[in-house]
$ cat target_19.tsv   # TSV, N, CA and C atoms
chain	number	residue	atom	x	y	z
H	12	MET	N	-29.64	19.98	-0.60
H	12	MET	CA	-28.23	19.86	-0.87
H	12	MET	C	-28.05	18.98	-2.11
H	13	GLY	N	-27.28	19.44	-3.10
H	13	GLY	CA	-27.05	18.71	-4.33
H	13	GLY	C	-26.08	17.57	-4.15
H	14	LYS	N	-25.98	16.76	-5.20
H	14	LYS	CA	-25.10	15.59	-5.09
H	14	LYS	C	-23.64	15.97	-4.94
H	15	TRP	N	-23.23	17.11	-5.47
H	15	TRP	CA	-21.82	17.51	-5.34
H	15	TRP	C	-21.49	17.90	-3.91
H	16	SER	N	-22.42	18.49	-3.21
H	16	SER	CA	-22.19	18.88	-1.83
H	16	SER	C	-21.99	17.66	-0.95
H	17	VAL	N	-22.77	16.62	-1.19
H	17	VAL	CA	-22.65	15.40	-0.40
H	17	VAL	C	-21.26	14.80	-0.57
H	18	GLY	N	-20.79	14.73	-1.81
H	18	GLY	CA	-19.46	14.19	-2.08
H	18	GLY	C	-18.37	14.98	-1.38
H	19	ARG	N	-18.52	16.29	-1.36
H	19	ARG	CA	-17.54	17.13	-0.70
H	19	ARG	C	-17.51	16.87	0.80
H	20	GLU	N	-18.67	16.71	1.40
H	20	GLU	CA	-18.73	16.44	2.83
H	20	GLU	C	-18.05	15.12	3.15
H	21	LYS	N	-18.28	14.12	2.34
H	21	LYS	CA	-17.66	12.81	2.59
H	21	LYS	C	-16.15	12.91	2.55
H	22	SER	N	-15.60	13.68	1.61
H	22	SER	CA	-14.15	13.76	1.50
H	22	SER	C	-13.52	14.44	2.71
H	23	LEU	N	-14.30	15.25	3.43
H	23	LEU	CA	-13.77	15.91	4.62
H	23	LEU	C	-13.54	14.93	5.76
H	24	ASN	N	-14.15	13.76	5.73
H	24	ASN	CA	-13.99	12.78	6.79
H	24	ASN	C	-12.71	11.95	6.63
H	25	ARG	N	-11.96	12.19	5.58
H	25	ARG	CA	-10.73	11.43	5.35
H	25	ARG	C	-9.54	12.13	5.97
H	26	LEU	N	-8.59	11.30	6.40
H	26	LEU	CA	-7.33	11.82	6.94
H	26	LEU	C	-6.21	11.43	5.99
H	27	ARG	N	-5.37	12.37	5.67
H	27	ARG	CA	-4.22	12.11	4.81
H	27	ARG	C	-3.00	11.96	5.72
H	28	LYS	N	-2.34	10.80	5.62
H	28	LYS	CA	-1.15	10.56	6.43
H	28	LYS	C	0.01	10.16	5.53
H	29	ASN	N	1.21	10.50	5.96
H	29	ASN	CA	2.41	10.10	5.23
H	29	ASN	C	2.89	8.75	5.72
H	30	VAL	N	3.24	7.89	4.78
H	30	VAL	CA	3.82	6.59	5.10
H	30	VAL	C	5.06	6.39	4.24
H	31	THR	N	5.96	5.57	4.72
H	31	THR	CA	7.18	5.27	3.99
H	31	THR	C	7.07	3.85	3.46
H	32	LEU	N	7.18	3.72	2.14
H	32	LEU	CA	7.13	2.42	1.47
H	32	LEU	C	8.51	2.15	0.89
H	33	GLY	N	9.30	1.37	1.63
H	33	GLY	CA	10.69	1.18	1.23
H	33	GLY	C	11.43	2.48	1.44
H	34	ARG	N	11.96	3.03	0.35
H	34	ARG	CA	12.68	4.31	0.44
H	34	ARG	C	11.81	5.49	0.00
H	35	ARG	N	10.57	5.21	-0.35
H	35	ARG	CA	9.68	6.23	-0.90
H	35	ARG	C	8.65	6.67	0.13
H	36	ARG	N	8.52	7.96	0.29
H	36	ARG	CA	7.51	8.52	1.19
H	36	ARG	C	6.32	8.93	0.34
H	37	THR	N	5.12	8.57	0.80
H	37	THR	CA	3.91	8.92	0.07
H	37	THR	C	2.80	9.23	1.06
H	38	SER	N	1.76	9.87	0.57
H	38	SER	CA	0.62	10.14	1.45
H	38	SER	C	-0.55	9.27	1.02
H	39	VAL	N	-1.31	8.86	2.03
H	39	VAL	CA	-2.48	8.01	1.80
H	39	VAL	C	-3.66	8.66	2.50
H	40	SER	N	-4.77	8.74	1.78
H	40	SER	CA	-5.98	9.35	2.31
H	40	SER	C	-7.01	8.25	2.60
H	41	LEU	N	-7.36	8.11	3.88
H	41	LEU	CA	-8.32	7.10	4.32
H	41	LEU	C	-9.25	7.68	5.38
H	42	GLU	N	-10.39	7.06	5.54
H	42	GLU	CA	-11.31	7.44	6.60
H	42	GLU	C	-10.66	7.16	7.96
H	43	GLU	N	-11.03	7.96	8.94
H	43	GLU	CA	-10.46	7.80	10.29
H	43	GLU	C	-10.67	6.39	10.82
H	44	GLN	N	-11.84	5.80	10.56
H	44	GLN	CA	-12.13	4.45	11.04
H	44	GLN	C	-11.18	3.43	10.42
H	45	VAL	N	-10.81	3.63	9.16
H	45	VAL	CA	-9.88	2.72	8.49
H	45	VAL	C	-8.50	2.85	9.12
H	46	TRP	N	-8.03	4.09	9.33
H	46	TRP	CA	-6.74	4.28	10.00
H	46	TRP	C	-6.75	3.61	11.38
H	47	ASN	N	-7.84	3.78	12.12
H	47	ASN	CA	-7.93	3.17	13.45
H	47	ASN	C	-7.85	1.65	13.36
H	48	GLY	N	-8.51	1.05	12.37
H	48	GLY	CA	-8.43	-0.40	12.18
H	48	GLY	C	-7.02	-0.85	11.84
H	49	LEU	N	-6.33	-0.10	10.98
H	49	LEU	CA	-4.95	-0.46	10.63
H	49	LEU	C	-4.03	-0.33	11.84
H	50	ILE	N	-4.25	0.69	12.66
H	50	ILE	CA	-3.45	0.84	13.87
H	50	ILE	C	-3.73	-0.31	14.84
H	51	ASP	N	-4.98	-0.76	14.93
H	51	ASP	CA	-5.31	-1.94	15.75
H	51	ASP	C	-4.53	-3.16	15.27
H	52	ILE	N	-4.47	-3.35	13.96
H	52	ILE	CA	-3.72	-4.48	13.41
H	52	ILE	C	-2.25	-4.35	13.79
H	53	CYS	N	-1.70	-3.16	13.65
H	53	CYS	CA	-0.29	-2.95	14.01
H	53	CYS	C	-0.01	-3.29	15.47
H	54	ARG	N	-0.92	-2.91	16.34
H	54	ARG	CA	-0.76	-3.24	17.77
H	54	ARG	C	-0.79	-4.76	17.98
H	55	ARG	N	-1.77	-5.42	17.35
H	55	ARG	CA	-1.91	-6.87	17.49
H	55	ARG	C	-0.68	-7.61	16.96
H	56	GLU	N	-0.15	-7.11	15.85
H	56	GLU	CA	0.95	-7.79	15.17
H	56	GLU	C	2.33	-7.27	15.56
H	57	ASN	N	2.34	-6.24	16.40
H	57	ASN	CA	3.58	-5.65	16.90
H	57	ASN	C	4.48	-5.15	15.76
H	58	ILE	N	3.88	-4.41	14.82
H	58	ILE	CA	4.63	-3.80	13.73
H	58	ILE	C	4.20	-2.35	13.59
H	59	GLY	N	4.98	-1.57	12.87
H	59	GLY	CA	4.66	-0.18	12.63
H	59	GLY	C	3.75	-0.02	11.42
H	60	ILE	N	3.12	1.14	11.33
H	60	ILE	CA	2.22	1.39	10.22
H	60	ILE	C	2.96	1.41	8.89
H	61	ASP	N	4.20	1.91	8.86
H	61	ASP	CA	4.98	1.91	7.63
H	61	ASP	C	5.26	0.48	7.16
H	62	GLU	N	5.60	-0.39	8.10
H	62	GLU	CA	5.88	-1.79	7.76
H	62	GLU	C	4.63	-2.48	7.21
H	63	LEU	N	3.49	-2.23	7.84
H	63	LEU	CA	2.25	-2.83	7.37
H	63	LEU	C	1.90	-2.30	5.97
H	64	CYS	N	1.99	-0.99	5.79
H	64	CYS	CA	1.67	-0.40	4.49
H	64	CYS	C	2.62	-0.92	3.40
H	65	ALA	N	3.89	-1.09	3.73
H	65	ALA	CA	4.85	-1.61	2.76
H	65	ALA	C	4.50	-3.05	2.38
H	66	ALA	N	4.09	-3.85	3.35
H	66	ALA	CA	3.70	-5.24	3.06
H	66	ALA	C	2.47	-5.29	2.16
H	67	VAL	N	1.51	-4.41	2.40
H	67	VAL	CA	0.31	-4.35	1.55
H	67	VAL	C	0.71	-3.85	0.16
H	68	GLU	N	1.56	-2.84	0.10
H	68	GLU	CA	2.04	-2.29	-1.17
H	68	GLU	C	2.68	-3.39	-2.04
H	69	GLN	N	3.48	-4.24	-1.44
H	69	GLN	CA	4.16	-5.31	-2.17
H	69	GLN	C	3.19	-6.33	-2.74
H	70	ARG	N	2.02	-6.46	-2.14
H	70	ARG	CA	1.08	-7.50	-2.53
H	70	ARG	C	-0.16	-6.99	-3.27
H	71	ARG	N	-0.32	-5.70	-3.36
H	71	ARG	CA	-1.53	-5.19	-4.02
H	71	ARG	C	-1.45	-5.42	-5.52
H	72	VAL	N	-2.61	-5.61	-6.12
H	72	VAL	CA	-2.69	-5.88	-7.55
H	72	VAL	C	-3.74	-4.97	-8.16
H	73	GLY	N	-3.31	-4.06	-9.02
H	73	GLY	CA	-4.24	-3.26	-9.80
H	73	GLY	C	-5.20	-2.38	-9.03
H	74	SER	N	-4.80	-1.87	-7.89
H	74	SER	CA	-5.67	-0.97	-7.14
H	74	SER	C	-4.82	0.13	-6.53
H	75	SER	N	-5.48	1.20	-6.13
H	75	SER	CA	-4.76	2.28	-5.46
H	75	SER	C	-4.32	1.80	-4.07
H	76	MET	N	-3.38	2.50	-3.50
H	76	MET	CA	-2.93	2.14	-2.16
H	76	MET	C	-4.06	2.28	-1.15
H	77	SER	N	-4.86	3.32	-1.27
H	77	SER	CA	-5.99	3.51	-0.35
H	77	SER	C	-6.97	2.35	-0.43
H	78	SER	N	-7.32	1.96	-1.65
H	78	SER	CA	-8.24	0.83	-1.83
H	78	SER	C	-7.63	-0.46	-1.30
H	79	ALA	N	-6.34	-0.67	-1.58
H	79	ALA	CA	-5.68	-1.88	-1.11
H	79	ALA	C	-5.69	-1.96	0.41
H	80	LEU	N	-5.46	-0.86	1.09
H	80	LEU	CA	-5.47	-0.87	2.56
H	80	LEU	C	-6.86	-1.16	3.10
H	81	ARG	N	-7.89	-0.61	2.45
H	81	ARG	CA	-9.26	-0.91	2.88
H	81	ARG	C	-9.57	-2.40	2.72
H	82	VAL	N	-9.21	-2.96	1.57
H	82	VAL	CA	-9.48	-4.38	1.30
H	82	VAL	C	-8.66	-5.25	2.24
H	83	PHE	N	-7.40	-4.89	2.49
H	83	PHE	CA	-6.58	-5.66	3.42
H	83	PHE	C	-7.22	-5.66	4.81
H	84	LEU	N	-7.68	-4.51	5.26
H	84	LEU	CA	-8.33	-4.40	6.57
H	84	LEU	C	-9.51	-5.37	6.66
H	85	LEU	N	-10.34	-5.39	5.63
H	85	LEU	CA	-11.47	-6.33	5.60
H	85	LEU	C	-10.98	-7.78	5.60
H	86	THR	N	-9.96	-8.07	4.81
H	86	THR	CA	-9.43	-9.44	4.73
H	86	THR	C	-8.91	-9.89	6.09
H	87	TYR	N	-8.20	-9.01	6.78
H	87	TYR	CA	-7.64	-9.34	8.09
H	87	TYR	C	-8.74	-9.72	9.08
H	88	PHE	N	-9.73	-8.85	9.21
H	88	PHE	CA	-10.77	-9.12	10.20
H	88	PHE	C	-11.72	-10.23	9.75
H	89	ARG	N	-11.91	-10.41	8.44
H	89	ARG	CA	-12.68	-11.57	7.95
H	89	ARG	C	-11.97	-12.87	8.32
H	90	SER	N	-10.65	-12.89	8.19
H	90	SER	CA	-9.88	-14.09	8.54
H	90	SER	C	-10.05	-14.44	10.01
H	91	ILE	N	-10.02	-13.43	10.86
H	91	ILE	CA	-10.22	-13.67	12.29
H	91	ILE	C	-11.64	-14.17	12.55
H	92	ALA	N	-12.63	-13.51	11.96
H	92	ALA	CA	-14.03	-13.91	12.17
H	92	ALA	C	-14.27	-15.34	11.70
H	93	GLU	N	-13.73	-15.69	10.53
H	93	GLU	CA	-13.91	-17.05	10.00
H	93	GLU	C	-13.27	-18.08	10.91
H	94	ALA	N	-12.08	-17.77	11.42
H	94	ALA	CA	-11.40	-18.71	12.32
H	94	ALA	C	-12.20	-18.90	13.61
H	95	LEU	N	-12.72	-17.83	14.14
H	95	LEU	CA	-13.52	-17.93	15.37
H	95	LEU	C	-14.82	-18.69	15.14
H	96	GLU	N	-15.44	-18.46	13.98
H	96	GLU	CA	-16.67	-19.19	13.65
H	96	GLU	C	-16.41	-20.69	13.53
H	97	GLU	N	-15.20	-21.05	13.12
H	97	GLU	CA	-14.84	-22.46	12.99
H	97	GLU	C	-14.36	-23.06	14.30
H	98	GLY	N	-14.40	-22.26	15.37
H	98	GLY	CA	-14.04	-22.76	16.69
H	98	GLY	C	-12.57	-22.67	17.03
H	99	ALA	N	-11.82	-21.90	16.25
H	99	ALA	CA	-10.38	-21.76	16.52
H	99	ALA	C	-10.16	-20.97	17.80
H	100	GLY	N	-9.10	-21.32	18.48
H	100	GLY	CA	-8.69	-20.55	19.65
H	100	GLY	C	-7.84	-19.39	19.21
H	101	ILE	N	-7.52	-18.51	20.12
H	101	ILE	CA	-6.75	-17.31	19.78
H	101	ILE	C	-5.38	-17.68	19.20
H	102	ASP	N	-4.81	-18.80	19.62
H	102	ASP	CA	-3.51	-19.22	19.11
H	102	ASP	C	-3.60	-19.83	17.71
H	103	ASP	N	-4.82	-20.15	17.27
H	103	ASP	CA	-5.01	-20.77	15.96
H	103	ASP	C	-5.37	-19.76	14.87
H	104	ILE	N	-5.46	-18.48	15.22
H	104	ILE	CA	-5.80	-17.45	14.25
H	104	ILE	C	-4.64	-17.31	13.26
H	105	ALA	N	-4.96	-17.08	12.00
H	105	ALA	CA	-3.96	-16.97	10.95
H	105	ALA	C	-2.93	-15.88	11.26
H	106	THR	N	-1.71	-16.12	10.85
H	106	THR	CA	-0.65	-15.15	11.04
H	106	THR	C	-0.81	-14.00	10.05
H	107	LEU	N	-0.13	-12.91	10.31
H	107	LEU	CA	-0.18	-11.76	9.42
H	107	LEU	C	0.28	-12.15	8.02
H	108	THR	N	1.32	-12.96	7.93
H	108	THR	CA	1.82	-13.38	6.62
H	108	THR	C	0.75	-14.16	5.85
H	109	ALA	N	0.03	-15.04	6.54
H	109	ALA	CA	-1.03	-15.80	5.89
H	109	ALA	C	-2.14	-14.88	5.40
H	110	VAL	N	-2.48	-13.87	6.19
H	110	VAL	CA	-3.53	-12.93	5.78
H	110	VAL	C	-3.04	-12.10	4.59
H	111	LEU	N	-1.78	-11.67	4.62
H	111	LEU	CA	-1.24	-10.92	3.48
H	111	LEU	C	-1.25	-11.77	2.21
H	112	ASP	N	-0.92	-13.05	2.34
H	112	ASP	CA	-0.97	-13.95	1.18
H	112	ASP	C	-2.40	-14.10	0.66
H	113	ARG	N	-3.36	-14.23	1.57
H	113	ARG	CA	-4.77	-14.33	1.18
H	113	ARG	C	-5.20	-13.04	0.47
H	114	PHE	N	-4.80	-11.91	1.02
H	114	PHE	CA	-5.10	-10.62	0.41
H	114	PHE	C	-4.57	-10.57	-1.02
H	115	HIS	N	-3.32	-10.97	-1.21
H	115	HIS	CA	-2.72	-10.95	-2.55
H	115	HIS	C	-3.48	-11.87	-3.51
H	116	THR	N	-3.78	-13.08	-3.06
H	116	THR	CA	-4.51	-14.04	-3.90
H	116	THR	C	-5.87	-13.49	-4.31
H	117	GLU	N	-6.60	-12.93	-3.35
H	117	GLU	CA	-7.92	-12.38	-3.65
H	117	GLU	C	-7.82	-11.16	-4.56
H	118	GLN	N	-6.78	-10.34	-4.38
H	118	GLN	CA	-6.56	-9.20	-5.26
H	118	GLN	C	-6.30	-9.66	-6.70
H	119	ALA	N	-5.45	-10.68	-6.82
H	119	ALA	CA	-5.11	-11.20	-8.15
H	119	ALA	C	-6.34	-11.80	-8.83
H	120	GLN	N	-7.13	-12.53	-8.05
H	120	GLN	CA	-8.35	-13.12	-8.61
H	120	GLN	C	-9.32	-12.04	-9.04
H	121	ALA	N	-9.48	-11.01	-8.24
H	121	ALA	CA	-10.39	-9.91	-8.60
H	121	ALA	C	-9.88	-9.16	-9.83
H	122	ALA	N	-8.59	-8.97	-9.93
H	122	ALA	CA	-8.02	-8.29	-11.09
H	122	ALA	C	-8.21	-9.13	-12.35
H	123	GLY	N	-8.07	-10.45	-12.22
H	123	GLY	CA	-8.30	-11.35	-13.35
H	123	GLY	C	-9.74	-11.38	-13.78
H	124	ALA	N	-10.63	-11.29	-12.80
H	124	ALA	CA	-12.07	-11.32	-13.10
H	124	ALA	C	-12.50	-10.04	-13.82
H	125	THR	N	-11.87	-8.92	-13.49
H	125	THR	CA	-12.27	-7.67	-14.12
H	125	THR	C	-11.60	-7.45	-15.47
H	126	SER	N	-10.51	-8.19	-15.74
H	126	SER	CA	-9.84	-8.02	-17.02
H	126	SER	C	-10.40	-8.91	-18.10
H	127	ASP	N	-11.32	-9.83	-17.76
H	127	ASP	CA	-11.92	-10.73	-18.75
H	127	ASP	C	-12.94	-10.01	-19.61
$ encode --input "target_19.tsv" --output "structure tokens"
Amino acid sequence: MGKWSVGREKSLNRLRKNVTLGRRRTSVSLEEQVWNGLIDICRRENIGIDELCAAVEQRRVGSSMSSALRVFLLTYFRSIAEALEEGAGIDDIATLTAVLDRFHTEQAQAAGATSD
């Protein structure tokens, strides 16, 4: 199987879903595991997927929406893992707003590092 066939197979594992960002409806293509992780976050935070995507959209810097959602997902679960490693209790885990702020800061730093 050539390299082009492998790429095509990988793209078949993605799911395209429609989300509403403010007043704009758009589609986002992500792997099923990423969608499942975002839905887990929505359940934990008691918000809808549109609300979460809109919050990420407002804070993303220089990346596609799909990439931003993947990075946010990693940032969210990294924040939880770091808090647990430091001995935090479940009530001491960072709030969604704090994680979104961290995501934005890290996005801005990465964008600055790549523009140098």
$ atom_distance --input "target_19.tsv" --atom1 "atom N of H:Arg25" --atom2 "atom CA of H:Glu68"
21.2 Å
$ select_by_dssp --input "target_19.tsv" --residues "chain H" --states "strand (DSSP E or B)" --output "mmCIF file with N, CA and C atoms, keeping the file's coordinate frame"
data_model
loop_
_atom_site.group_PDB
_atom_site.id
_atom_site.type_symbol
_atom_site.label_atom_id
_atom_site.label_comp_id
_atom_site.auth_asym_id
_atom_site.auth_seq_id
_atom_site.Cartn_x
_atom_site.Cartn_y
_atom_site.Cartn_z
ATOM 1 N N ARG H 25 -11.960 12.190 5.580
ATOM 2 C CA ARG H 25 -10.730 11.430 5.350
ATOM 3 C C ARG H 25 -9.540 12.130 5.970
ATOM 4 N N LEU H 26 -8.590 11.300 6.400
ATOM 5 C CA LEU H 26 -7.330 11.820 6.940
ATOM 6 C C LEU H 26 -6.210 11.430 5.990
ATOM 7 N N ARG H 27 -5.370 12.370 5.670
ATOM 8 C CA ARG H 27 -4.220 12.110 4.810
ATOM 9 C C ARG H 27 -3.000 11.960 5.720
ATOM 10 N N LYS H 28 -2.340 10.800 5.620
ATOM 11 C CA LYS H 28 -1.150 10.560 6.430
ATOM 12 C C LYS H 28 0.010 10.160 5.530
ATOM 13 N N ASN H 29 1.210 10.500 5.960
ATOM 14 C CA ASN H 29 2.410 10.100 5.230
ATOM 15 C C ASN H 29 2.890 8.750 5.720
ATOM 16 N N VAL H 30 3.240 7.890 4.780
ATOM 17 C CA VAL H 30 3.820 6.590 5.100
ATOM 18 C C VAL H 30 5.060 6.390 4.240
ATOM 19 N N THR H 31 5.960 5.570 4.720
ATOM 20 C CA THR H 31 7.180 5.270 3.990
ATOM 21 C C THR H 31 7.070 3.850 3.460
ATOM 22 N N LEU H 32 7.180 3.720 2.140
ATOM 23 C CA LEU H 32 7.130 2.420 1.470
ATOM 24 C C LEU H 32 8.510 2.150 0.890
ATOM 25 N N ARG H 35 10.570 5.210 -0.350
ATOM 26 C CA ARG H 35 9.680 6.230 -0.900
ATOM 27 C C ARG H 35 8.650 6.670 0.130
ATOM 28 N N ARG H 36 8.520 7.960 0.290
ATOM 29 C CA ARG H 36 7.510 8.520 1.190
ATOM 30 C C ARG H 36 6.320 8.930 0.340
ATOM 31 N N THR H 37 5.120 8.570 0.800
ATOM 32 C CA THR H 37 3.910 8.920 0.070
ATOM 33 C C THR H 37 2.800 9.230 1.060
ATOM 34 N N SER H 38 1.760 9.870 0.570
ATOM 35 C CA SER H 38 0.620 10.140 1.450
ATOM 36 C C SER H 38 -0.550 9.270 1.020
ATOM 37 N N VAL H 39 -1.310 8.860 2.030
ATOM 38 C CA VAL H 39 -2.480 8.010 1.800
ATOM 39 C C VAL H 39 -3.660 8.660 2.500
ATOM 40 N N SER H 40 -4.770 8.740 1.780
ATOM 41 C CA SER H 40 -5.980 9.350 2.310
ATOM 42 C C SER H 40 -7.010 8.250 2.600
ATOM 43 N N LEU H 41 -7.360 8.110 3.880
ATOM 44 C CA LEU H 41 -8.320 7.100 4.320
ATOM 45 C C LEU H 41 -9.250 7.680 5.380
ATOM 46 N N GLU H 42 -10.390 7.060 5.540
ATOM 47 C CA GLU H 42 -11.310 7.440 6.600
ATOM 48 C C GLU H 42 -10.660 7.160 7.960
#
$ residues_around --input "target_19.tsv" --residues "stretch 72-76 of chain H" --least-positions-apart "5" --cutoff "7 Å" --atoms "only N, CA and C atoms" --output "short mmCIF file (atom, residue, chain, number, x, y, z; two decimals) with N, CA and C atoms, keeping the file's coordinate frame"
data_model
loop_
_atom_site.label_atom_id
_atom_site.label_comp_id
_atom_site.auth_asym_id
_atom_site.auth_seq_id
_atom_site.Cartn_x
_atom_site.Cartn_y
_atom_site.Cartn_z
N VAL H 39 -1.31 8.86 2.03
CA VAL H 39 -2.48 8.01 1.80
C VAL H 39 -3.66 8.66 2.50
N ARG H 81 -7.89 -0.61 2.45
CA ARG H 81 -9.26 -0.91 2.88
C ARG H 81 -9.57 -2.40 2.72
N HIS H 115 -3.32 -10.97 -1.21
CA HIS H 115 -2.72 -10.95 -2.55
C HIS H 115 -3.48 -11.87 -3.51
N GLN H 118 -6.78 -10.34 -4.38
CA GLN H 118 -6.56 -9.20 -5.26
C GLN H 118 -6.30 -9.66 -6.70
N ALA H 119 -5.45 -10.68 -6.82
CA ALA H 119 -5.11 -11.20 -8.15
C ALA H 119 -6.34 -11.80 -8.83
N ALA H 122 -8.59 -8.97 -9.93
CA ALA H 122 -8.02 -8.29 -11.09
C ALA H 122 -8.21 -9.13 -12.35
#
$ atom_distance --input "target_19.tsv" --atom1 "atom CA of H:Arg70" --atom2 "atom CA of H:Phe83"
9.9 Å
$ residues_around --input "target_19.tsv" --residues "H:Ile91" --least-positions-apart "5" --cutoff "12 Å" --atoms "only C-alpha atoms" --output "number ranges by chain"
H: 52, 55, 84-86, 96-107, 109-110
$ atom_distance --input "target_19.tsv" --atom1 "atom N of H:Asp112" --atom2 "atom CA of H:Leu26"
26.1 Å
$ closest_residue --input "target_19.tsv" --among "H:Leu41, H:Leu111, H:Trp46, H:Ala92" --to "H:Ile60" --atoms "only C-alpha atoms"
H:Trp46
$ closest_residue --input "target_19.tsv" --among "H:Ala94, H:Thr108, H:Phe114, H:Leu32" --to "H:Leu80" --atoms "only C-alpha atoms"
H:Phe114
$ closest_residue --input "target_19.tsv" --among "H:Ala121, H:Glu43, H:Phe88, H:Ile50" --to "H:Glu62" --atoms "only C-alpha atoms"
H:Ile50
$ closest_residue --input "target_19.tsv" --among "H:Val45, H:Asp51, H:Glu56, H:Arg27" --to "H:Ala79" --atoms "only C-alpha atoms"
H:Val45
$ select_by_dssp --input "target_19.tsv" --residues "stretch 35-127 of chain H" --states "helix (DSSP H, G or I)" --output "MDAnalysis selection string"
chainID H and resid 43:56 60:70 76:96 101:103 107:126
$ residues_around --input "target_19.tsv" --residues "H:Asp61" --least-positions-apart "5" --cutoff "10 Å" --atoms "only C-alpha atoms" --output "number ranges by chain"
H: 29-33, 36, 53, 66-67
